[in-house]
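Structure below is run.cif: mmCIF, N, CA, C and O atoms.
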```cif
data_work
loop_
_atom_site.group_PDB
_atom_site.id
_atom_site.type_symbol
_atom_site.label_atom_id
_atom_site.label_comp_id
_atom_site.auth_asym_id
_atom_site.auth_seq_id
_atom_site.Cartn_x
_atom_site.Cartn_y
_atom_site.Cartn_z
ATOM 1 N N ALA X 1 0.826 -1.197 0.000
ATOM 2 C CA ALA X 1 0.000 0.000 0.000
ATOM 3 C C ALA X 1 0.865 1.253 0.000
ATOM 4 O O ALA X 1 0.455 2.279 -0.519
ATOM 5 N N GLU X 2 2.032 1.167 0.550
ATOM 6 C CA GLU X 2 2.896 2.342 0.652
ATOM 7 C C GLU X 2 3.773 2.542 -0.580
ATOM 8 O O GLU X 2 4.250 3.644 -0.817
ATOM 9 N N HIS X 3 4.000 1.500 -1.369
ATOM 10 C CA HIS X 3 4.986 1.578 -2.447
ATOM 11 C C HIS X 3 4.385 1.590 -3.843
ATOM 12 O O HIS X 3 5.108 1.859 -4.803
ATOM 13 N N LEU X 4 3.110 1.314 -3.984
ATOM 14 C CA LEU X 4 2.486 1.283 -5.306
ATOM 15 C C LEU X 4 1.691 2.558 -5.549
ATOM 16 O O LEU X 4 1.010 3.047 -4.645
ATOM 17 N N ASP X 5 1.771 3.057 -6.772
ATOM 18 C CA ASP X 5 0.913 4.185 -7.106
ATOM 19 C C ASP X 5 -0.529 3.685 -7.215
ATOM 20 O O ASP X 5 -0.783 2.470 -7.183
ATOM 21 N N ALA X 6 -1.462 4.598 -7.333
ATOM 22 C CA ALA X 6 -2.886 4.240 -7.316
ATOM 23 C C ALA X 6 -3.236 3.251 -8.416
ATOM 24 O O ALA X 6 -3.958 2.271 -8.185
ATOM 25 N N HIS X 7 -2.731 3.468 -9.621
ATOM 26 C CA HIS X 7 -3.041 2.592 -10.751
ATOM 27 C C HIS X 7 -2.573 1.154 -10.479
ATOM 28 O O HIS X 7 -3.347 0.195 -10.630
ATOM 29 N N ALA X 8 -1.328 1.001 -10.088
ATOM 30 C CA ALA X 8 -0.773 -0.329 -9.822
ATOM 31 C C ALA X 8 -1.485 -0.997 -8.649
ATOM 32 O O ALA X 8 -1.763 -2.198 -8.678
ATOM 33 N N TRP X 9 -1.789 -0.220 -7.626
ATOM 34 C CA TRP X 9 -2.462 -0.779 -6.454
ATOM 35 C C TRP X 9 -3.843 -1.303 -6.826
ATOM 36 O O TRP X 9 -4.228 -2.401 -6.433
ATOM 37 N N ARG X 10 -4.610 -0.517 -7.597
ATOM 38 C CA ARG X 10 -5.946 -0.962 -8.011
ATOM 39 C C ARG X 10 -5.869 -2.272 -8.793
ATOM 40 O O ARG X 10 -6.673 -3.173 -8.589
ATOM 41 N N HIS X 11 -4.903 -2.355 -9.701
ATOM 42 C CA HIS X 11 -4.763 -3.576 -10.485
ATOM 43 C C HIS X 11 -4.340 -4.755 -9.613
ATOM 44 O O HIS X 11 -4.741 -5.897 -9.873
ATOM 45 N N GLY X 12 -3.582 -4.496 -8.575
ATOM 46 C CA GLY X 12 -3.239 -5.546 -7.624
ATOM 47 C C GLY X 12 -4.471 -6.063 -6.891
ATOM 48 O O GLY X 12 -4.609 -7.266 -6.664
ATOM 49 N N VAL X 13 -5.368 -5.151 -6.538
ATOM 50 C CA VAL X 13 -6.616 -5.564 -5.877
ATOM 51 C C VAL X 13 -7.429 -6.440 -6.826
ATOM 52 O O VAL X 13 -7.930 -7.499 -6.437
ATOM 53 N N LEU X 14 -7.543 -6.030 -8.092
ATOM 54 C CA LEU X 14 -8.276 -6.858 -9.064
ATOM 55 C C LEU X 14 -7.616 -8.216 -9.234
ATOM 56 O O LEU X 14 -8.309 -9.228 -9.349
ATOM 57 N N LYS X 15 -6.299 -8.246 -9.258
ATOM 58 C CA LYS X 15 -5.582 -9.514 -9.388
ATOM 59 C C LYS X 15 -5.917 -10.436 -8.223
ATOM 60 O O LYS X 15 -6.091 -11.639 -8.408
ATOM 61 N N CYS X 16 -6.030 -9.874 -7.029
ATOM 62 C CA CYS X 16 -6.437 -10.682 -5.876
ATOM 63 C C CYS X 16 -7.809 -11.305 -6.128
ATOM 64 O O CYS X 16 -8.029 -12.487 -5.849
ATOM 65 N N LEU X 17 -8.742 -10.512 -6.661
ATOM 66 C CA LEU X 17 -10.075 -11.056 -6.952
ATOM 67 C C LEU X 17 -9.986 -12.161 -7.992
ATOM 68 O O LEU X 17 -10.627 -13.206 -7.853
ATOM 69 N N PHE X 18 -9.196 -11.955 -9.049
ATOM 70 C CA PHE X 18 -9.043 -12.975 -10.097
ATOM 71 C C PHE X 18 -8.495 -14.278 -9.527
ATOM 72 O O PHE X 18 -8.894 -15.367 -9.946
ATOM 73 N N LEU X 19 -7.567 -14.161 -8.585
ATOM 74 C CA LEU X 19 -6.885 -15.337 -8.038
ATOM 75 C C LEU X 19 -7.534 -15.872 -6.771
ATOM 76 O O LEU X 19 -7.000 -16.787 -6.148
ATOM 77 N N ASP X 20 -8.679 -15.291 -6.393
ATOM 78 C CA ASP X 20 -9.417 -15.716 -5.207
ATOM 79 C C ASP X 20 -8.594 -15.555 -3.925
ATOM 80 O O ASP X 20 -8.678 -16.369 -3.011
ATOM 81 N N ILE X 21 -7.793 -14.496 -3.896
ATOM 82 C CA ILE X 21 -7.038 -14.147 -2.693
ATOM 83 C C ILE X 21 -7.922 -13.209 -1.872
ATOM 84 O O ILE X 21 -8.419 -12.219 -2.400
ATOM 85 N N PRO X 22 -8.151 -13.518 -0.606
ATOM 86 C CA PRO X 22 -9.033 -12.667 0.212
ATOM 87 C C PRO X 22 -8.541 -11.220 0.250
ATOM 88 O O PRO X 22 -7.352 -10.953 0.417
ATOM 89 N N LEU X 23 -9.471 -10.290 0.087
ATOM 90 C CA LEU X 23 -9.100 -8.880 0.118
ATOM 91 C C LEU X 23 -8.632 -8.438 1.501
ATOM 92 O O LEU X 23 -8.006 -7.392 1.623
ATOM 93 N N ALA X 24 -8.870 -9.253 2.505
ATOM 94 C CA ALA X 24 -8.334 -8.957 3.833
ATOM 95 C C ALA X 24 -6.804 -8.927 3.807
ATOM 96 O O ALA X 24 -6.176 -8.309 4.661
ATOM 97 N N ALA X 25 -6.203 -9.558 2.803
ATOM 98 C CA ALA X 25 -4.748 -9.588 2.677
ATOM 99 C C ALA X 25 -4.189 -8.315 2.042
ATOM 100 O O ALA X 25 -2.974 -8.120 2.010
ATOM 101 N N VAL X 26 -5.059 -7.444 1.542
ATOM 102 C CA VAL X 26 -4.615 -6.236 0.844
ATOM 103 C C VAL X 26 -4.320 -5.133 1.857
ATOM 104 O O VAL X 26 -5.223 -4.649 2.548
ATOM 105 N N ALA X 27 -3.076 -4.739 1.927
ATOM 106 C CA ALA X 27 -2.668 -3.676 2.845
ATOM 107 C C ALA X 27 -3.320 -2.358 2.441
ATOM 108 O O ALA X 27 -3.316 -1.991 1.273
ATOM 109 N N GLY X 28 -3.891 -1.678 3.397
ATOM 110 C CA GLY X 28 -4.447 -0.353 3.167
ATOM 111 C C GLY X 28 -5.746 -0.314 2.400
ATOM 112 O O GLY X 28 -6.138 0.749 1.906
ATOM 113 N N LEU X 29 -6.443 -1.417 2.288
ATOM 114 C CA LEU X 29 -7.671 -1.455 1.476
ATOM 115 C C LEU X 29 -8.675 -0.398 1.916
ATOM 116 O O LEU X 29 -9.138 0.393 1.094
ATOM 117 N N ASP X 30 -8.988 -0.343 3.202
ATOM 118 C CA ASP X 30 -9.978 0.633 3.677
ATOM 119 C C ASP X 30 -9.552 2.065 3.404
ATOM 120 O O ASP X 30 -10.374 2.917 3.104
ATOM 121 N N ARG X 31 -8.280 2.309 3.477
ATOM 122 C CA ARG X 31 -7.741 3.663 3.307
ATOM 123 C C ARG X 31 -7.637 4.077 1.842
ATOM 124 O O ARG X 31 -7.775 5.246 1.512
ATOM 125 N N ARG X 32 -7.419 3.094 0.945
ATOM 126 C CA ARG X 32 -7.124 3.442 -0.439
ATOM 127 C C ARG X 32 -8.257 3.202 -1.421
ATOM 128 O O ARG X 32 -8.122 3.558 -2.596
ATOM 129 N N VAL X 33 -9.347 2.611 -0.984
ATOM 130 C CA VAL X 33 -10.471 2.419 -1.912
ATOM 131 C C VAL X 33 -10.904 3.787 -2.419
ATOM 132 O O VAL X 33 -11.053 4.733 -1.654
ATOM 133 N N ASP X 34 -11.077 3.876 -3.743
ATOM 134 C CA ASP X 34 -11.544 5.118 -4.338
ATOM 135 C C ASP X 34 -12.587 4.801 -5.417
ATOM 136 O O ASP X 34 -12.872 3.627 -5.682
ATOM 137 N N ALA X 35 -13.138 5.842 -5.995
ATOM 138 C CA ALA X 35 -14.203 5.672 -6.986
ATOM 139 C C ALA X 35 -13.746 4.843 -8.179
ATOM 140 O O ALA X 35 -14.517 4.052 -8.726
ATOM 141 N N GLU X 36 -12.497 4.994 -8.579
ATOM 142 C CA GLU X 36 -11.997 4.233 -9.734
ATOM 143 C C GLU X 36 -11.909 2.743 -9.411
ATOM 144 O O GLU X 36 -12.266 1.902 -10.240
ATOM 145 N N LEU X 37 -11.443 2.390 -8.226
ATOM 146 C CA LEU X 37 -11.409 0.969 -7.858
ATOM 147 C C LEU X 37 -12.821 0.411 -7.815
ATOM 148 O O LEU X 37 -13.073 -0.684 -8.311
ATOM 149 N N VAL X 38 -13.748 1.140 -7.242
ATOM 150 C CA VAL X 38 -15.135 0.677 -7.176
ATOM 151 C C VAL X 38 -15.673 0.471 -8.591
ATOM 152 O O VAL X 38 -16.321 -0.535 -8.882
ATOM 153 N N ARG X 39 -15.382 1.395 -9.511
ATOM 154 C CA ARG X 39 -15.821 1.248 -10.896
ATOM 155 C C ARG X 39 -15.233 -0.015 -11.527
ATOM 156 O O ARG X 39 -15.923 -0.782 -12.189
ATOM 157 N N MET X 40 -13.943 -0.254 -11.272
ATOM 158 C CA MET X 40 -13.273 -1.422 -11.833
ATOM 159 C C MET X 40 -13.852 -2.716 -11.276
ATOM 160 O O MET X 40 -14.080 -3.678 -12.024
ATOM 161 N N VAL X 41 -14.093 -2.756 -9.982
ATOM 162 C CA VAL X 41 -14.651 -3.965 -9.362
ATOM 163 C C VAL X 41 -16.087 -4.175 -9.842
ATOM 164 O O VAL X 41 -16.498 -5.309 -10.111
ATOM 165 N N ARG X 42 -16.848 -3.097 -10.011
ATOM 166 C CA ARG X 42 -18.210 -3.218 -10.524
ATOM 167 C C ARG X 42 -18.194 -3.791 -11.951
ATOM 168 O O ARG X 42 -18.974 -4.674 -12.284
ATOM 169 N N ALA X 43 -17.285 -3.315 -12.790
ATOM 170 C CA ALA X 43 -17.168 -3.831 -14.154
ATOM 171 C C ALA X 43 -16.778 -5.307 -14.139
ATOM 172 O O ALA X 43 -17.311 -6.118 -14.914
ATOM 173 N N TYR X 44 -15.858 -5.666 -13.265
ATOM 174 C CA TYR X 44 -15.445 -7.068 -13.117
ATOM 175 C C TYR X 44 -16.639 -7.931 -12.703
ATOM 176 O O TYR X 44 -16.881 -8.993 -13.291
ATOM 177 N N ALA X 45 -17.412 -7.470 -11.731
ATOM 178 C CA ALA X 45 -18.586 -8.222 -11.267
ATOM 179 C C ALA X 45 -19.627 -8.343 -12.386
ATOM 180 O O ALA X 45 -20.208 -9.423 -12.573
ATOM 181 N N ASP X 46 -19.837 -7.273 -13.135
ATOM 182 C CA ASP X 46 -20.785 -7.304 -14.255
ATOM 183 C C ASP X 46 -20.348 -8.317 -15.315
ATOM 184 O O ASP X 46 -21.175 -9.057 -15.854
ATOM 185 N N GLU X 47 -19.056 -8.360 -15.612
ATOM 186 C CA GLU X 47 -18.533 -9.324 -16.589
ATOM 187 C C GLU X 47 -18.727 -10.751 -16.097
ATOM 188 O O GLU X 47 -19.083 -11.645 -16.878
ATOM 189 N N ARG X 48 -18.484 -10.987 -14.810
ATOM 190 C CA ARG X 48 -18.671 -12.330 -14.249
ATOM 191 C C ARG X 48 -20.134 -12.756 -14.376
ATOM 192 O O ARG X 48 -20.426 -13.870 -14.790
ATOM 193 N N ARG X 49 -21.054 -11.854 -14.003
ATOM 194 C CA ARG X 49 -22.480 -12.176 -14.100
ATOM 195 C C ARG X 49 -22.886 -12.445 -15.547
ATOM 196 O O ARG X 49 -23.626 -13.390 -15.815
ATOM 197 N N ALA X 50 -22.415 -11.628 -16.473
ATOM 198 C CA ALA X 50 -22.760 -11.793 -17.885
ATOM 199 C C ALA X 50 -22.272 -13.137 -18.427
ATOM 200 O O ALA X 50 -22.902 -13.711 -19.322
ATOM 201 N N ALA X 51 -21.178 -13.630 -17.871
ATOM 202 C CA ALA X 51 -20.636 -14.925 -18.291
ATOM 203 C C ALA X 51 -21.254 -16.086 -17.524
ATOM 204 O O ALA X 51 -20.871 -17.245 -17.732
ATOM 205 N N GLY X 52 -22.209 -15.781 -16.632
ATOM 206 C CA GLY X 52 -22.841 -16.841 -15.849
ATOM 207 C C GLY X 52 -21.965 -17.371 -14.728
ATOM 208 O O GLY X 52 -22.190 -18.474 -14.242
ATOM 209 N N ARG X 53 -21.001 -16.585 -14.317
ATOM 210 C CA ARG X 53 -20.096 -16.995 -13.245
ATOM 211 C C ARG X 53 -20.438 -16.266 -11.957
ATOM 212 O O ARG X 53 -20.994 -15.177 -11.969
ATOM 213 N N ALA X 54 -20.057 -16.873 -10.866
ATOM 214 C CA ALA X 54 -20.293 -16.260 -9.551
ATOM 215 C C ALA X 54 -19.357 -15.075 -9.353
ATOM 216 O O ALA X 54 -18.234 -15.054 -9.858
ATOM 217 N N VAL X 55 -19.843 -14.102 -8.621
ATOM 218 C CA VAL X 55 -19.030 -12.944 -8.241
ATOM 219 C C VAL X 55 -18.422 -13.258 -6.877
ATOM 220 O O VAL X 55 -19.142 -13.652 -5.955
ATOM 221 N N PRO X 56 -17.102 -13.113 -6.733
ATOM 222 C CA PRO X 56 -16.479 -13.387 -5.435
ATOM 223 C C PRO X 56 -17.128 -12.559 -4.322
ATOM 224 O O PRO X 56 -17.458 -11.384 -4.527
ATOM 225 N N GLU X 57 -17.318 -13.176 -3.191
ATOM 226 C CA GLU X 57 -17.960 -12.494 -2.070
ATOM 227 C C GLU X 57 -17.209 -11.226 -1.677
ATOM 228 O O GLU X 57 -17.817 -10.222 -1.323
ATOM 229 N N ASP X 58 -15.880 -11.255 -1.747
ATOM 230 C CA ASP X 58 -15.108 -10.057 -1.402
ATOM 231 C C ASP X 58 -15.442 -8.899 -2.337
ATOM 232 O O ASP X 58 -15.493 -7.744 -1.913
ATOM 233 N N ALA X 59 -15.670 -9.179 -3.624
ATOM 234 C CA ALA X 59 -16.056 -8.117 -4.558
ATOM 235 C C ALA X 59 -17.421 -7.558 -4.175
ATOM 236 O O ALA X 59 -17.618 -6.333 -4.147
ATOM 237 N N SER X 60 -18.354 -8.438 -3.870
ATOM 238 C CA SER X 60 -19.688 -7.984 -3.469
ATOM 239 C C SER X 60 -19.628 -7.165 -2.192
ATOM 240 O O SER X 60 -20.302 -6.127 -2.075
ATOM 241 N N THR X 61 -18.830 -7.591 -1.246
ATOM 242 C CA THR X 61 -18.697 -6.876 0.011
ATOM 243 C C THR X 61 -18.113 -5.494 -0.219
ATOM 244 O O THR X 61 -18.619 -4.502 0.326
ATOM 245 N N LEU X 62 -17.088 -5.395 -1.027
ATOM 246 C CA LEU X 62 -16.485 -4.094 -1.323
ATOM 247 C C LEU X 62 -17.519 -3.178 -1.977
ATOM 248 O O LEU X 62 -17.636 -2.024 -1.611
ATOM 249 N N LEU X 63 -18.287 -3.703 -2.920
ATOM 250 C CA LEU X 63 -19.284 -2.878 -3.610
ATOM 251 C C LEU X 63 -20.404 -2.435 -2.680
ATOM 252 O O LEU X 63 -20.893 -1.318 -2.794
ATOM 253 N N ARG X 64 -20.796 -3.302 -1.765
ATOM 254 C CA ARG X 64 -21.833 -2.911 -0.801
ATOM 255 C C ARG X 64 -21.334 -1.846 0.157
ATOM 256 O O ARG X 64 -22.084 -0.950 0.540
ATOM 257 N N SER X 65 -20.089 -1.921 0.550
ATOM 258 C CA SER X 65 -19.572 -0.977 1.538
ATOM 259 C C SER X 65 -19.096 0.341 0.915
ATOM 260 O O SER X 65 -18.836 1.292 1.639
ATOM 261 N N HIS X 66 -19.008 0.396 -0.407
ATOM 262 C CA HIS X 66 -18.580 1.612 -1.121
ATOM 263 C C HIS X 66 -19.487 1.821 -2.326
ATOM 264 O O HIS X 66 -19.044 1.643 -3.464
ATOM 265 N N PRO X 67 -20.747 2.184 -2.091
ATOM 266 C CA PRO X 67 -21.700 2.305 -3.220
ATOM 267 C C PRO X 67 -21.360 3.432 -4.183
ATOM 268 O O PRO X 67 -20.672 4.330 -3.919
#
```

Let me see whether you can do it: turn the structure in this file into structure tokens.
Amino acid sequence: AEHLDAHAWRHGVLKCLFLDIPLAAVAGLDRRVDAELVRMVRAYADERRAAGRAVPEDASTLLRSHP
């Protein structure tokens, strides 16, 4: 969380979702969530639903807590 710029950090969070790594492992998540990350996670969740796949619970939780 301290060494990555916003762009790289957001992509790291998405990578965690892709790899089913719990977002609890992401340093600084509560502090660094921003509108762009929420948009990216929402797009990821929409793509999963459109493909008939489940949305990871961590993605749903993040979206519920940051509408």

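Counting all atoms listed in the file and comparing X:Pro67, X:Leu4, X:Tyr44, X:Ala59, the residue that lies closest to Leu23 of chain X is X:Ala59.
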
Worksheet item: Can you list, as a ChimeraX atom specification, every residue of segment 18-66 of chain X that DSSP puts in alpha helix (DSSP H)?
Response: /X:18,29-32,35-50,57-65

To verify the selection step, state as a JSON list (two decimals) with N, CA, C and O atoms, in the coordinates of the input which residues the PyMOL selection byres (((chain X and resi 62 and name CA) around 10) and name CA) yields on this input.
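Result went into selection11.json, see below:
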```
[["chain", "number", "residue", "atom", "x", "y", "z"],
["X", 23, "LEU", "N", -9.47, -10.29, 0.09],
["X", 23, "LEU", "CA", -9.10, -8.88, 0.12],
["X", 23, "LEU", "C", -8.63, -8.44, 1.50],
["X", 23, "LEU", "O", -8.01, -7.39, 1.62],
["X", 29, "LEU", "N", -6.44, -1.42, 2.29],
["X", 29, "LEU", "CA", -7.67, -1.46, 1.48],
["X", 29, "LEU", "C", -8.68, -0.40, 1.92],
["X", 29, "LEU", "O", -9.14, 0.39, 1.09],
["X", 30, "ASP", "N", -8.99, -0.34, 3.20],
["X", 30, "ASP", "CA", -9.98, 0.63, 3.68],
["X", 30, "ASP", "C", -9.55, 2.06, 3.40],
["X", 30, "ASP", "O", -10.37, 2.92, 3.10],
["X", 33, "VAL", "N", -9.35, 2.61, -0.98],
["X", 33, "VAL", "CA", -10.47, 2.42, -1.91],
["X", 33, "VAL", "C", -10.90, 3.79, -2.42],
["X", 33, "VAL", "O", -11.05, 4.73, -1.65],
["X", 37, "LEU", "N", -11.44, 2.39, -8.23],
["X", 37, "LEU", "CA", -11.41, 0.97, -7.86],
["X", 37, "LEU", "C", -12.82, 0.41, -7.82],
["X", 37, "LEU", "O", -13.07, -0.68, -8.31],
["X", 38, "VAL", "N", -13.75, 1.14, -7.24],
["X", 38, "VAL", "CA", -15.14, 0.68, -7.18],
["X", 38, "VAL", "C", -15.67, 0.47, -8.59],
["X", 38, "VAL", "O", -16.32, -0.54, -8.88],
["X", 41, "VAL", "N", -14.09, -2.76, -9.98],
["X", 41, "VAL", "CA", -14.65, -3.96, -9.36],
["X", 41, "VAL", "C", -16.09, -4.18, -9.84],
["X", 41, "VAL", "O", -16.50, -5.31, -10.11],
["X", 42, "ARG", "N", -16.85, -3.10, -10.01],
["X", 42, "ARG", "CA", -18.21, -3.22, -10.52],
["X", 42, "ARG", "C", -18.19, -3.79, -11.95],
["X", 42, "ARG", "O", -18.97, -4.67, -12.28],
["X", 57, "GLU", "N", -17.32, -13.18, -3.19],
["X", 57, "GLU", "CA", -17.96, -12.49, -2.07],
["X", 57, "GLU", "C", -17.21, -11.23, -1.68],
["X", 57, "GLU", "O", -17.82, -10.22, -1.32],
["X", 58, "ASP", "N", -15.88, -11.26, -1.75],
["X", 58, "ASP", "CA", -15.11, -10.06, -1.40],
["X", 58, "ASP", "C", -15.44, -8.90, -2.34],
["X", 58, "ASP", "O", -15.49, -7.74, -1.91],
["X", 59, "ALA", "N", -15.67, -9.18, -3.62],
["X", 59, "ALA", "CA", -16.06, -8.12, -4.56],
["X", 59, "ALA", "C", -17.42, -7.56, -4.18],
["X", 59, "ALA", "O", -17.62, -6.33, -4.15],
["X", 60, "SER", "N", -18.35, -8.44, -3.87],
["X", 60, "SER", "CA", -19.69, -7.98, -3.47],
["X", 60, "SER", "C", -19.63, -7.16, -2.19],
["X", 60, "SER", "O", -20.30, -6.13, -2.08],
["X", 61, "THR", "N", -18.83, -7.59, -1.25],
["X", 61, "THR", "CA", -18.70, -6.88, 0.01],
["X", 61, "THR", "C", -18.11, -5.49, -0.22],
["X", 61, "THR", "O", -18.62, -4.50, 0.33],
["X", 63, "LEU", "N", -18.29, -3.70, -2.92],
["X", 63, "LEU", "CA", -19.28, -2.88, -3.61],
["X", 63, "LEU", "C", -20.40, -2.44, -2.68],
["X", 63, "LEU", "O", -20.89, -1.32, -2.79],
["X", 64, "ARG", "N", -20.80, -3.30, -1.76],
["X", 64, "ARG", "CA", -21.83, -2.91, -0.80],
["X", 64, "ARG", "C", -21.33, -1.85, 0.16],
["X", 64, "ARG", "O", -22.08, -0.95, 0.54],
["X", 65, "SER", "N", -20.09, -1.92, 0.55],
["X", 65, "SER", "CA", -19.57, -0.98, 1.54],
["X", 65, "SER", "C", -19.10, 0.34, 0.92],
["X", 65, "SER", "O", -18.84, 1.29, 1.64],
["X", 66, "HIS", "N", -19.01, 0.40, -0.41],
["X", 66, "HIS", "CA", -18.58, 1.61, -1.12],
["X", 66, "HIS", "C", -19.49, 1.82, -2.33],
["X", 66, "HIS", "O", -19.04, 1.64, -3.46],
["X", 67, "PRO", "N", -20.75, 2.18, -2.09],
["X", 67, "PRO", "CA", -21.70, 2.31, -3.22],
["X", 67, "PRO", "C", -21.36, 3.43, -4.18],
["X", 67, "PRO", "O", -20.67, 4.33, -3.92]]
```

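Between Arg10 of chain X and the candidates X:Asp46, X:Ala51, X:Met40, X:Arg31, the tightest atom-to-atom separation, counting only C-alpha atoms, involves X:Met40.
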
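Look at Glu2 of chain X: the protein and nucleic acid residues within 8 Å of it, using only N, CA, C and O atoms and passing over chain neighbours fewer than 3 places away, are Asp5, Ala27 and Gly28 of chain X.
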
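Interatomic distance, atom CA of Val13 of chain X against atom CA of Val26 of chain X: 7.0 Å.
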
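Atom CA of Ala6 of chain X sits 24.6 Å away from atom O of Glu47 of chain X.
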
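When atom O of Arg48 of chain X is paired with atom O of Glu36 of chain X, their separation reads 18.3 Å.
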